[in-house]
file model.pdb (PDB, C-alpha atoms and all ligand atoms)
ATOM      1  CA  MET A 254      13.537  -9.042  12.960  1.00  0.00           C
ATOM      2  CA  SER A 255      13.845 -12.602  11.738  1.00  0.00           C
ATOM      3  CA  THR A 256      15.365 -13.098   8.344  1.00  0.00           C
ATOM      4  CA  HIS A 257      14.112 -15.319   5.589  1.00  0.00           C
ATOM      5  CA  PRO A 258      16.643 -16.370   3.006  1.00  0.00           C
ATOM      6  CA  PHE A 259      15.259 -17.642  -0.320  1.00  0.00           C
ATOM      7  CA  SER A 260      17.002 -20.923   0.482  1.00  0.00           C
ATOM      8  CA  GLU A 261      14.254 -21.760   2.992  1.00  0.00           C
ATOM      9  CA  LEU A 262      11.987 -22.415   0.000  1.00  0.00           C
ATOM     10  CA  PRO A 263      12.233 -25.542  -2.143  1.00  0.00           C
ATOM     11  CA  LEU A 264      13.819 -23.719  -5.099  1.00  0.00           C
ATOM     12  CA  PRO A 265      16.162 -25.220  -7.696  1.00  0.00           C
ATOM     13  CA  GLU A 266      19.870 -24.735  -6.931  1.00  0.00           C
ATOM     14  CA  ALA A 267      20.425 -22.806 -10.165  1.00  0.00           C
ATOM     15  CA  LEU A 268      17.674 -20.349  -9.259  1.00  0.00           C
ATOM     16  CA  LEU A 269      19.102 -19.807  -5.766  1.00  0.00           C
ATOM     17  CA  LYS A 270      22.493 -19.163  -7.311  1.00  0.00           C
ATOM     18  CA  ASN A 271      21.014 -16.644  -9.728  1.00  0.00           C
ATOM     19  CA  LEU A 272      19.198 -14.845  -6.886  1.00  0.00           C
ATOM     20  CA  GLU A 273      22.488 -14.589  -5.048  1.00  0.00           C
ATOM     21  CA  GLN A 274      24.218 -13.264  -8.150  1.00  0.00           C
ATOM     22  CA  ILE A 275      21.640 -10.516  -8.592  1.00  0.00           C
ATOM     23  CA  GLY A 276      21.971  -9.606  -4.915  1.00  0.00           C
ATOM     24  CA  TYR A 277      18.716 -11.034  -3.548  1.00  0.00           C
ATOM     25  CA  ARG A 278      19.497 -12.925  -0.360  1.00  0.00           C
ATOM     26  CA  GLU A 279      16.640 -12.282   2.023  1.00  0.00           C
ATOM     27  CA  MET A 280      13.035 -12.355   0.918  1.00  0.00           C
ATOM     28  CA  THR A 281      11.165  -9.098   1.333  1.00  0.00           C
ATOM     29  CA  PRO A 282       8.054  -9.398   3.560  1.00  0.00           C
ATOM     30  CA  ILE A 283       5.658  -9.679   0.606  1.00  0.00           C
ATOM     31  CA  GLN A 284       7.860 -12.345  -0.966  1.00  0.00           C
ATOM     32  CA  GLN A 285       8.058 -14.266   2.288  1.00  0.00           C
ATOM     33  CA  LYS A 286       4.293 -14.186   2.727  1.00  0.00           C
ATOM     34  CA  SER A 287       3.163 -14.733  -0.841  1.00  0.00           C
ATOM     35  CA  LEU A 288       5.774 -16.863  -2.605  1.00  0.00           C
ATOM     36  CA  PRO A 289       4.947 -20.107  -0.760  1.00  0.00           C
ATOM     37  CA  LEU A 290       1.236 -19.588  -1.471  1.00  0.00           C
ATOM     38  CA  ALA A 291       1.852 -18.752  -5.129  1.00  0.00           C
ATOM     39  CA  MET A 292       4.118 -21.797  -5.451  1.00  0.00           C
ATOM     40  CA  ALA A 293       1.333 -23.925  -3.977  1.00  0.00           C
ATOM     41  CA  GLY A 294      -0.906 -22.770  -6.819  1.00  0.00           C
ATOM     42  CA  LYS A 295      -3.221 -20.602  -4.725  1.00  0.00           C
ATOM     43  CA  ASP A 296      -5.026 -17.548  -6.020  1.00  0.00           C
ATOM     44  CA  LEU A 297      -3.889 -14.444  -4.152  1.00  0.00           C
ATOM     45  CA  ILE A 298      -5.080 -10.981  -3.311  1.00  0.00           C
ATOM     46  CA  ALA A 299      -1.948  -9.189  -2.237  1.00  0.00           C
ATOM     47  CA  LYS A 300      -1.616  -5.727  -0.850  1.00  0.00           C
ATOM     48  CA  ALA A 301       1.806  -4.149  -0.525  1.00  0.00           C
ATOM     49  CA  LYS A 302       3.431  -0.813  -1.183  1.00  0.00           C
ATOM     50  CA  THR A 303       5.451   0.162  -4.205  1.00  0.00           C
ATOM     51  CA  GLY A 304       9.040  -0.970  -3.931  1.00  0.00           C
ATOM     52  CA  SER A 305       8.212  -3.995  -1.769  1.00  0.00           C
ATOM     53  CA  GLY A 306       9.401  -6.566  -4.308  1.00  0.00           C
ATOM     54  CA  LYS A 307       6.069  -7.695  -5.731  1.00  0.00           C
ATOM     55  CA  THR A 308       7.522  -8.600  -9.115  1.00  0.00           C
ATOM     56  CA  ALA A 309       9.806 -11.319  -7.786  1.00  0.00           C
ATOM     57  CA  ALA A 310       6.981 -12.443  -5.475  1.00  0.00           C
ATOM     58  CA  PHE A 311       4.975 -13.592  -8.488  1.00  0.00           C
ATOM     59  CA  ALA A 312       7.720 -14.046 -11.100  1.00  0.00           C
ATOM     60  CA  ILE A 313       9.699 -16.705  -9.225  1.00  0.00           C
ATOM     61  CA  SER A 314       6.596 -18.860  -8.858  1.00  0.00           C
ATOM     62  CA  MET A 315       5.567 -18.230 -12.469  1.00  0.00           C
ATOM     63  CA  LEU A 316       9.010 -19.201 -13.782  1.00  0.00           C
ATOM     64  CA  LEU A 317       8.912 -22.516 -11.894  1.00  0.00           C
ATOM     65  CA  GLY A 318       5.782 -23.479 -13.816  1.00  0.00           C
ATOM     66  CA  ILE A 319       7.045 -22.691 -17.319  1.00  0.00           C
ATOM     67  CA  GLU A 320       7.413 -25.619 -19.677  1.00  0.00           C
ATOM     68  CA  GLN A 321      10.394 -24.444 -21.727  1.00  0.00           C
ATOM     69  CA  ARG A 322       9.952 -26.794 -24.658  1.00  0.00           C
ATOM     70  CA  PHE A 323       6.483 -25.417 -25.293  1.00  0.00           C
ATOM     71  CA  PHE A 324       6.742 -21.951 -26.847  1.00  0.00           C
ATOM     72  CA  GLY A 325       3.184 -20.932 -26.007  1.00  0.00           C
ATOM     73  CA  CYS A 326       2.146 -18.234 -23.554  1.00  0.00           C
ATOM     74  CA  GLN A 327       2.030 -19.805 -20.080  1.00  0.00           C
ATOM     75  CA  GLY A 328       2.359 -16.686 -17.943  1.00  0.00           C
ATOM     76  CA  LEU A 329       0.525 -13.426 -18.517  1.00  0.00           C
ATOM     77  CA  VAL A 330       1.107 -10.191 -16.569  1.00  0.00           C
ATOM     78  CA  LEU A 331      -1.218  -7.205 -17.006  1.00  0.00           C
ATOM     79  CA  CYS A 332       0.161  -3.798 -15.999  1.00  0.00           C
ATOM     80  CA  PRO A 333      -1.327  -0.290 -16.101  1.00  0.00           C
ATOM     81  CA  THR A 334       1.413   1.424 -18.117  1.00  0.00           C
ATOM     82  CA  ARG A 335       4.160   0.755 -20.618  1.00  0.00           C
ATOM     83  CA  GLU A 336       6.791   1.904 -18.118  1.00  0.00           C
ATOM     84  CA  LEU A 337       5.614  -0.591 -15.509  1.00  0.00           C
ATOM     85  CA  ALA A 338       5.295  -3.400 -18.054  1.00  0.00           C
ATOM     86  CA  THR A 339       8.848  -2.751 -19.236  1.00  0.00           C
ATOM     87  CA  GLN A 340      10.162  -2.809 -15.655  1.00  0.00           C
ATOM     88  CA  VAL A 341       8.306  -6.020 -14.868  1.00  0.00           C
ATOM     89  CA  ALA A 342       9.499  -7.722 -18.067  1.00  0.00           C
ATOM     90  CA  ASN A 343      13.112  -6.759 -17.317  1.00  0.00           C
ATOM     91  CA  GLU A 344      12.833  -8.038 -13.746  1.00  0.00           C
ATOM     92  CA  ILE A 345      11.403 -11.357 -14.986  1.00  0.00           C
ATOM     93  CA  ARG A 346      14.233 -11.683 -17.562  1.00  0.00           C
ATOM     94  CA  LYS A 347      16.772 -11.082 -14.809  1.00  0.00           C
ATOM     95  CA  LEU A 348      15.166 -13.687 -12.540  1.00  0.00           C
ATOM     96  CA  ALA A 349      14.899 -16.139 -15.467  1.00  0.00           C
ATOM     97  CA  ARG A 350      18.632 -16.143 -16.214  1.00  0.00           C
ATOM     98  CA  TYR A 351      19.008 -19.514 -14.508  1.00  0.00           C
ATOM     99  CA  GLN A 352      16.996 -21.073 -17.297  1.00  0.00           C
ATOM    100  CA  GLN A 353      18.288 -21.357 -20.837  1.00  0.00           C
ATOM    101  CA  ASN A 354      15.568 -20.057 -23.031  1.00  0.00           C
ATOM    102  CA  ILE A 355      12.706 -18.260 -21.395  1.00  0.00           C
ATOM    103  CA  LYS A 356      11.226 -15.762 -23.809  1.00  0.00           C
ATOM    104  CA  VAL A 357       9.429 -12.757 -22.328  1.00  0.00           C
ATOM    105  CA  VAL A 358       7.551 -10.485 -24.749  1.00  0.00           C
ATOM    106  CA  THR A 359       6.240  -7.028 -23.882  1.00  0.00           C
ATOM    107  CA  LEU A 360       2.996  -5.891 -25.538  1.00  0.00           C
ATOM    108  CA  CYS A 361       2.029  -2.281 -24.870  1.00  0.00           C
ATOM    109  CA  GLY A 362      -0.011   0.384 -26.542  1.00  0.00           C
ATOM    110  CA  GLY A 363       1.656   3.433 -28.071  1.00  0.00           C
ATOM    111  CA  GLN A 364       4.139   1.123 -29.771  1.00  0.00           C
ATOM    112  CA  PRO A 365       3.977  -0.157 -33.365  1.00  0.00           C
ATOM    113  CA  ILE A 366       2.084  -3.457 -33.465  1.00  0.00           C
ATOM    114  CA  GLY A 367       4.055  -4.971 -36.379  1.00  0.00           C
ATOM    115  CA  PRO A 368       7.206  -5.837 -34.423  1.00  0.00           C
ATOM    116  CA  GLN A 369       5.039  -7.225 -31.595  1.00  0.00           C
ATOM    117  CA  ILE A 370       3.326  -9.566 -34.056  1.00  0.00           C
ATOM    118  CA  GLY A 371       6.758 -10.527 -35.366  1.00  0.00           C
ATOM    119  CA  SER A 372       8.097 -11.467 -31.957  1.00  0.00           C
ATOM    120  CA  LEU A 373       4.924 -13.359 -31.032  1.00  0.00           C
ATOM    121  CA  ALA A 374       5.263 -15.382 -34.237  1.00  0.00           C
ATOM    122  CA  HIS A 375       8.413 -16.971 -32.780  1.00  0.00           C
ATOM    123  CA  GLY A 376       6.559 -17.920 -29.612  1.00  0.00           C
ATOM    124  CA  ALA A 377       6.700 -16.506 -26.089  1.00  0.00           C
ATOM    125  CA  HIS A 378       6.602 -18.198 -22.710  1.00  0.00           C
ATOM    126  CA  ILE A 379       5.597 -15.071 -20.798  1.00  0.00           C
ATOM    127  CA  VAL A 380       3.710 -12.010 -22.019  1.00  0.00           C
ATOM    128  CA  VAL A 381       3.741  -8.747 -20.075  1.00  0.00           C
ATOM    129  CA  GLY A 382       1.681  -5.818 -21.268  1.00  0.00           C
ATOM    130  CA  THR A 383      -1.115  -3.334 -21.003  1.00  0.00           C
ATOM    131  CA  PRO A 384      -4.702  -4.620 -21.254  1.00  0.00           C
ATOM    132  CA  GLY A 385      -5.758  -2.650 -24.343  1.00  0.00           C
ATOM    133  CA  ARG A 386      -2.921  -3.872 -26.536  1.00  0.00           C
ATOM    134  CA  ILE A 387      -3.202  -7.454 -25.328  1.00  0.00           C
ATOM    135  CA  GLN A 388      -6.892  -7.366 -26.212  1.00  0.00           C
ATOM    136  CA  ASP A 389      -5.946  -6.058 -29.687  1.00  0.00           C
ATOM    137  CA  HIS A 390      -3.670  -9.067 -30.182  1.00  0.00           C
ATOM    138  CA  LEU A 391      -6.397 -11.467 -29.084  1.00  0.00           C
ATOM    139  CA  ARG A 392      -8.806  -9.915 -31.594  1.00  0.00           C
ATOM    140  CA  LYS A 393      -6.218 -10.188 -34.354  1.00  0.00           C
ATOM    141  CA  GLN A 394      -5.475 -13.725 -33.227  1.00  0.00           C
ATOM    142  CA  THR A 395      -1.789 -12.886 -33.050  1.00  0.00           C
ATOM    143  CA  LEU A 396      -1.708 -14.041 -29.409  1.00  0.00           C
ATOM    144  CA  THR A 397      -3.178 -17.223 -27.939  1.00  0.00           C
ATOM    145  CA  ILE A 398      -3.636 -17.455 -24.181  1.00  0.00           C
ATOM    146  CA  ASP A 399      -5.619 -20.666 -23.839  1.00  0.00           C
ATOM    147  CA  GLN A 400      -2.603 -22.455 -22.315  1.00  0.00           C
ATOM    148  CA  VAL A 401      -1.892 -19.817 -19.679  1.00  0.00           C
ATOM    149  CA  LYS A 402      -1.247 -21.218 -16.211  1.00  0.00           C
ATOM    150  CA  THR A 403      -0.850 -17.991 -14.255  1.00  0.00           C
ATOM    151  CA  VAL A 404      -2.334 -14.536 -14.781  1.00  0.00           C
ATOM    152  CA  VAL A 405      -1.067 -11.586 -12.744  1.00  0.00           C
ATOM    153  CA  LEU A 406      -3.066  -8.379 -12.367  1.00  0.00           C
ATOM    154  CA  ASP A 407      -0.321  -5.996 -11.285  1.00  0.00           C
ATOM    155  CA  GLU A 408      -1.400  -2.670  -9.756  1.00  0.00           C
ATOM    156  CA  ALA A 409      -5.005  -3.701 -10.343  1.00  0.00           C
ATOM    157  CA  ASP A 410      -6.457  -0.568  -8.730  1.00  0.00           C
ATOM    158  CA  ARG A 411      -4.541   1.632 -11.160  1.00  0.00           C
ATOM    159  CA  MET A 412      -5.672  -0.454 -14.107  1.00  0.00           C
ATOM    160  CA  LEU A 413      -9.297   0.012 -13.071  1.00  0.00           C
ATOM    161  CA  ASP A 414      -8.736   3.760 -12.529  1.00  0.00           C
ATOM    162  CA  MET A 415      -7.466   3.910 -16.091  1.00  0.00           C
ATOM    163  CA  GLY A 416     -10.641   2.315 -17.396  1.00  0.00           C
ATOM    164  CA  PHE A 417      -9.201  -1.094 -18.282  1.00  0.00           C
ATOM    165  CA  ILE A 418     -11.987  -3.186 -16.758  1.00  0.00           C
ATOM    166  CA  ASP A 419     -13.447  -4.303 -20.116  1.00  0.00           C
ATOM    167  CA  PRO A 420     -10.178  -5.456 -21.683  1.00  0.00           C
ATOM    168  CA  ILE A 421      -9.202  -7.157 -18.402  1.00  0.00           C
ATOM    169  CA  GLU A 422     -12.456  -9.130 -18.375  1.00  0.00           C
ATOM    170  CA  HIS A 423     -12.114  -9.908 -22.080  1.00  0.00           C
ATOM    171  CA  ILE A 424      -8.557 -11.188 -21.559  1.00  0.00           C
ATOM    172  CA  LEU A 425      -9.418 -13.303 -18.507  1.00  0.00           C
ATOM    173  CA  GLY A 426     -12.298 -14.796 -20.488  1.00  0.00           C
ATOM    174  CA  HIS A 427      -9.779 -16.161 -22.991  1.00  0.00           C
ATOM    175  CA  THR A 428      -7.670 -17.931 -20.366  1.00  0.00           C
ATOM    176  CA  PRO A 429      -8.374 -21.421 -18.975  1.00  0.00           C
ATOM    177  CA  SER A 430     -10.800 -21.420 -16.074  1.00  0.00           C
ATOM    178  CA  ASP A 431      -8.377 -23.461 -13.959  1.00  0.00           C
ATOM    179  CA  ARG A 432      -5.639 -20.846 -14.233  1.00  0.00           C
ATOM    180  CA  GLN A 433      -3.998 -19.300 -11.186  1.00  0.00           C
ATOM    181  CA  THR A 434      -4.931 -15.633 -10.740  1.00  0.00           C
ATOM    182  CA  LEU A 435      -2.692 -13.358  -8.663  1.00  0.00           C
ATOM    183  CA  LEU A 436      -4.056  -9.903  -7.933  1.00  0.00           C
ATOM    184  CA  TYR A 437      -1.817  -7.123  -6.615  1.00  0.00           C
ATOM    185  CA  SER A 438      -3.287  -3.827  -5.561  1.00  0.00           C
ATOM    186  CA  ALA A 439      -2.372  -0.984  -3.215  1.00  0.00           C
ATOM    187  CA  THR A 440      -6.031  -0.340  -2.335  1.00  0.00           C
ATOM    188  CA  TYR A 441      -9.207  -2.407  -2.175  1.00  0.00           C
ATOM    189  CA  PRO A 442     -12.165  -0.485  -3.577  1.00  0.00           C
ATOM    190  CA  LYS A 443     -15.434  -2.313  -4.352  1.00  0.00           C
ATOM    191  CA  GLN A 444     -14.512  -2.886  -7.991  1.00  0.00           C
ATOM    192  CA  ILE A 445     -11.412  -4.831  -7.003  1.00  0.00           C
ATOM    193  CA  ARG A 446     -13.462  -7.045  -4.695  1.00  0.00           C
ATOM    194  CA  ALA A 447     -15.920  -7.582  -7.554  1.00  0.00           C
ATOM    195  CA  LEU A 448     -13.120  -8.480  -9.967  1.00  0.00           C
ATOM    196  CA  SER A 449     -11.712 -10.916  -7.441  1.00  0.00           C
ATOM    197  CA  GLN A 450     -15.092 -12.543  -6.850  1.00  0.00           C
ATOM    198  CA  LYS A 451     -15.675 -12.959 -10.555  1.00  0.00           C
ATOM    199  CA  PHE A 452     -12.271 -14.318 -11.531  1.00  0.00           C
ATOM    200  CA  GLN A 453     -10.568 -15.830  -8.495  1.00  0.00           C
ATOM    201  CA  SER A 454     -11.206 -19.025  -6.669  1.00  0.00           C
ATOM    202  CA  GLU A 455     -10.848 -19.074  -2.884  1.00  0.00           C
ATOM    203  CA  PRO A 456      -8.129 -16.410  -2.896  1.00  0.00           C
ATOM    204  CA  GLU A 457      -5.753 -16.113   0.027  1.00  0.00           C
ATOM    205  CA  GLU A 458      -5.255 -12.551   1.251  1.00  0.00           C
ATOM    206  CA  VAL A 459      -1.799 -11.271   1.962  1.00  0.00           C
ATOM    207  CA  THR A 460      -1.100  -7.835   3.397  1.00  0.00           C
ATOM    208  CA  VAL A 461       2.182  -6.170   4.107  1.00  0.00           C
ATOM    209  CA  GLU A 462       1.697  -2.813   5.691  1.00  0.00           C
ATOM    210  CA  SER A 463       5.181  -1.453   5.746  1.00  0.00           C
ATOM    211  CA  VAL A 464       8.517  -2.177   4.160  1.00  0.00           C
ATOM    212  CA  HIS A 465      11.473  -2.679   6.506  1.00  0.00           C
TER     213      HIS A 465
HETATM  214  P1  LIG A 501       7.083  -3.360  -6.447  1.00  0.00           P
HETATM  215  O1  LIG A 501       6.499  -4.021  -7.654  1.00  0.00           O
HETATM  216  O2  LIG A 501       6.542  -3.907  -5.172  1.00  0.00           O
HETATM  217  O3  LIG A 501       7.011  -1.876  -6.523  1.00  0.00           O
HETATM  218  P2  LIG A 501       9.610  -4.325  -7.451  1.00  0.00           P
HETATM  219  O4  LIG A 501       9.271  -5.725  -7.732  1.00  0.00           O
HETATM  220  O5  LIG A 501       9.715  -3.418  -8.622  1.00  0.00           O
HETATM  221  O6  LIG A 501       8.624  -3.701  -6.369  1.00  0.00           O
HETATM  222  O7  LIG A 501      10.976  -4.319  -6.613  1.00  0.00           O
HETATM  223  C1  LIG A 501      11.520  -3.119  -6.087  1.00  0.00           C
HETATM  224  C2  LIG A 501      13.047  -3.202  -6.062  1.00  0.00           C
HETATM  225  O8  LIG A 501      13.482  -4.139  -5.103  1.00  0.00           O
HETATM  226  C3  LIG A 501      13.656  -3.626  -7.382  1.00  0.00           C
HETATM  227  O9  LIG A 501      14.770  -2.817  -7.647  1.00  0.00           O
HETATM  228  C4  LIG A 501      14.076  -5.073  -7.140  1.00  0.00           C
HETATM  229  O10 LIG A 501      15.187  -5.392  -7.929  1.00  0.00           O
HETATM  230  C5  LIG A 501      14.412  -5.065  -5.666  1.00  0.00           C
HETATM  231  N1  LIG A 501      14.191  -6.363  -4.978  1.00  0.00           N
HETATM  232  C6  LIG A 501      13.102  -7.174  -5.088  1.00  0.00           C
HETATM  233  N2  LIG A 501      13.219  -8.250  -4.286  1.00  0.00           N
HETATM  234  C7  LIG A 501      14.405  -8.136  -3.642  1.00  0.00           C
HETATM  235  C8  LIG A 501      15.097  -8.930  -2.655  1.00  0.00           C
HETATM  236  N3  LIG A 501      14.566 -10.057  -2.175  1.00  0.00           N
HETATM  237  N4  LIG A 501      16.295  -8.495  -2.220  1.00  0.00           N
HETATM  238  C9  LIG A 501      16.825  -7.342  -2.682  1.00  0.00           C
HETATM  239  N5  LIG A 501      16.232  -6.544  -3.606  1.00  0.00           N
HETATM  240  C10 LIG A 501      15.024  -6.916  -4.074  1.00  0.00           C
HETATM  241 MG    MG A 502       5.492  -3.458  -9.307  1.00  0.00          MG
END
call {"tool": "encode", "arguments": {"input": "model.pdb", "output": "structure tokens", "more": "lines below"}}
Ligand code: ADP
Ligand code: MG
result
Amino acid sequence: MSTHPFSELPLPEALLKNLEQIGYREMTPIQQKSLPLAMAGKDLIAKAKTGSGKTAAFAISMLLGIEQRFFGCQGLVLCPTRELATQVANEIRKLARYQQNIKVVTLCGGQPIGPQIGSLAHGAHIVVGTPGRIQDHLRKQTLTIDQVKTVVLDEADRMLDMGFIDPIEHILGHTPSDRQTLLYSATYPKQIRALSQKFQSEPEEVTVESVH
């Protein structure tokens, strides 16, 4: 099988060094297929199994687009559960180590909202959370997402199974219409197609059947 080191992509030296330090040398198949498209600003529908490295597949591209001096939310990741949101936020923080000051805030339900409001008050470049709680923050106007460049719907099929369609639509409605929308899902039921048609523009489809 051919190998694909991250260094075949036009990535900053400091990022490549960080990837090496955290032990990522070769891209996983989903990263190899989707990172170049994400970096080119395309919308994506990506299908890959758990454990295939989806987080880095979107996070590396998202991090490249962050304007550090602006402490407004520029990247937004919606996840089905607090556990997944926490994992994704930690993975993004790890990947972001090559930059000085990227702030990643996690906003999930089942957690007190006061400290979340407190950390948002200091600004956040990237927000990762569950749809219900993010919607709560939009209603309270404690979170502004009108400068978001990239929205990720992670495990979209699970989010729909959990009944998050309304908050997802509400949230997307508050983001700029020219945003990039990356949709990750293990399965493609009708509702996912409908969501894609409503909120994505000319999405590229990427499928990785197995992880080697
Ligand atoms: P998924 O979201 O597809 O379930 P994750 O993004 O959580 O997968 O990644 C699964 C595991 O693989 C994590 O432990 C992550 O650190 C690791 N990983 C991701 N990309 C690479 C890579 N290119 N090389 C080595 N390990 C990787
Ligand atoms: Mg994942």
call {"tool": "residues_near_ligand", "arguments": {"input": "model.pdb", "ligand": "ligand MG 502 (chain A)", "cutoff": "8 Å", "atoms": "all atoms listed in the file", "output": "list in words"}}
result
Thr303, Gly304, Gly306, Lys307, Thr308, Leu337, Gln340, Val341, Asp407 and Glu408 of chain A
call {"tool": "residues_around", "arguments": {"input": "model.pdb", "residues": "Leu262 (chain A)", "least_positions_apart": "3", "cutoff": "9 Å", "atoms": "all atoms listed in the file", "output": "NGL selection string"}}
result
:A and (258-259 or 288-289)
call {"tool": "closest_atom_pairs", "arguments": {"input": "model.pdb", "of": "chain A", "to": "ligand LIG 501 (chain A)", "cutoff": "10 Å", "atoms": "all atoms listed in the file", "output": "CSV"}}
result
residue,atom,partner,partner_atom,distance
A:His257,CA,A:LIG501,N3,9.4
A:Pro258,CA,A:LIG501,N3,8.4
A:Phe259,CA,A:LIG501,N3,7.8
A:Leu272,CA,A:LIG501,N3,8.2
A:Glu273,CA,A:LIG501,N4,9.1
A:Ile275,CA,A:LIG501,C9,8.3
A:Gly276,CA,A:LIG501,C9,6.0
A:Tyr277,CA,A:LIG501,N4,3.8
A:Arg278,CA,A:LIG501,N4,5.8
A:Glu279,CA,A:LIG501,N3,5.2
A:Met280,CA,A:LIG501,N3,4.1
A:Thr281,CA,A:LIG501,N3,5.0
A:Pro282,CA,A:LIG501,N3,8.7
A:Ile283,CA,A:LIG501,O2,8.2
A:Gln284,CA,A:LIG501,N3,7.2
A:Gln285,CA,A:LIG501,N3,8.9
A:Lys300,CA,A:LIG501,O2,9.4
A:Ala301,CA,A:LIG501,O2,6.6
A:Lys302,CA,A:LIG501,O2,5.9
A:Thr303,CA,A:LIG501,O3,3.5
A:Gly304,CA,A:LIG501,O3,3.4
A:Ser305,CA,A:LIG501,O2,3.8
A:Gly306,CA,A:LIG501,O4,3.5
A:Lys307,CA,A:LIG501,O2,3.9
A:Thr308,CA,A:LIG501,O4,3.6
A:Ala309,CA,A:LIG501,O4,5.6
A:Ala310,CA,A:LIG501,O4,7.4
A:Phe311,CA,A:LIG501,O4,9.0
A:Ala312,CA,A:LIG501,O4,9.1
A:Leu337,CA,A:LIG501,O5,8.5
A:Gln340,CA,A:LIG501,O5,7.1
A:Val341,CA,A:LIG501,O5,6.9
A:Asn343,CA,A:LIG501,O10,9.7
A:Glu344,CA,A:LIG501,O10,6.8
A:Ile345,CA,A:LIG501,O4,9.4
A:Lys347,CA,A:LIG501,O10,9.1
A:Leu348,CA,A:LIG501,O10,9.5
A:Asp407,CA,A:LIG501,O1,8.0
A:Glu408,CA,A:LIG501,O1,8.3
A:Tyr437,CA,A:LIG501,O1,8.9
A:Ser438,CA,A:LIG501,O2,9.8
A:Ala439,CA,A:LIG501,O2,9.6
A:Val464,CA,A:LIG501,O2,9.7
call {"tool": "closest_residue", "arguments": {"input": "model.pdb", "among": "A:Val381, A:Gly426, A:Leu435, A:Arg392", "to": "Val405 (chain A)", "atoms": "all atoms listed in the file"}}
result
A:Leu435
call {"tool": "resolve_selection", "arguments": {"input": "model.pdb", "expression": "the PyMOL selection byres (((chain A and resi 453-460) around 7) and not hetatm)", "output": "list in words"}}
result
Lys286, Ser287, Lys295, Asp296, Leu297, Ile298, Ala299, Lys300, Ala301, Thr434, Ser449, Gln450, Lys451, Phe452, Val461 and Glu462 of chain A
call {"tool": "closest_residue", "arguments": {"input": "model.pdb", "among": "A:Gly362, A:Pro333, A:Pro429, A:Pro263", "to": "Lys402 (chain A)", "atoms": "all atoms listed in the file"}}
result
A:Pro429
call {"tool": "residues_near_point", "arguments": {"input": "model.pdb", "point": "(6.0, -5.5, -31.5)", "cutoff": "12 Å", "atoms": "all atoms listed in the file", "output": "list in words"}}
result
Val358, Thr359, Leu360, Cys361, Gly362, Gly363, Gln364, Pro365, Ile366, Gly367, Pro368, Gln369, Ile370, Gly371, Ser372, Leu373, Ala374, His375, Val380, Gly382, Arg386, Ile387, His390, Thr395 and Leu396 of chain A
call {"tool": "axis_aligned_box", "arguments": {"input": "model.pdb", "around": "region 438-447 of chain A", "padding_each_side": "5 Å", "output": "AutoDock Vina command-line options"}}
result
--center_x -9.1 --center_y -4.0 --center_z -5.1 --size_x 23.5 --size_y 17.2 --size_z 15.8
call {"tool": "closest_residue", "arguments": {"input": "model.pdb", "among": "A:Ile445, A:Ala291, A:Leu268, A:Leu413", "to": "Ala349 (chain A)", "atoms": "all atoms listed in the file"}}
result
A:Leu268
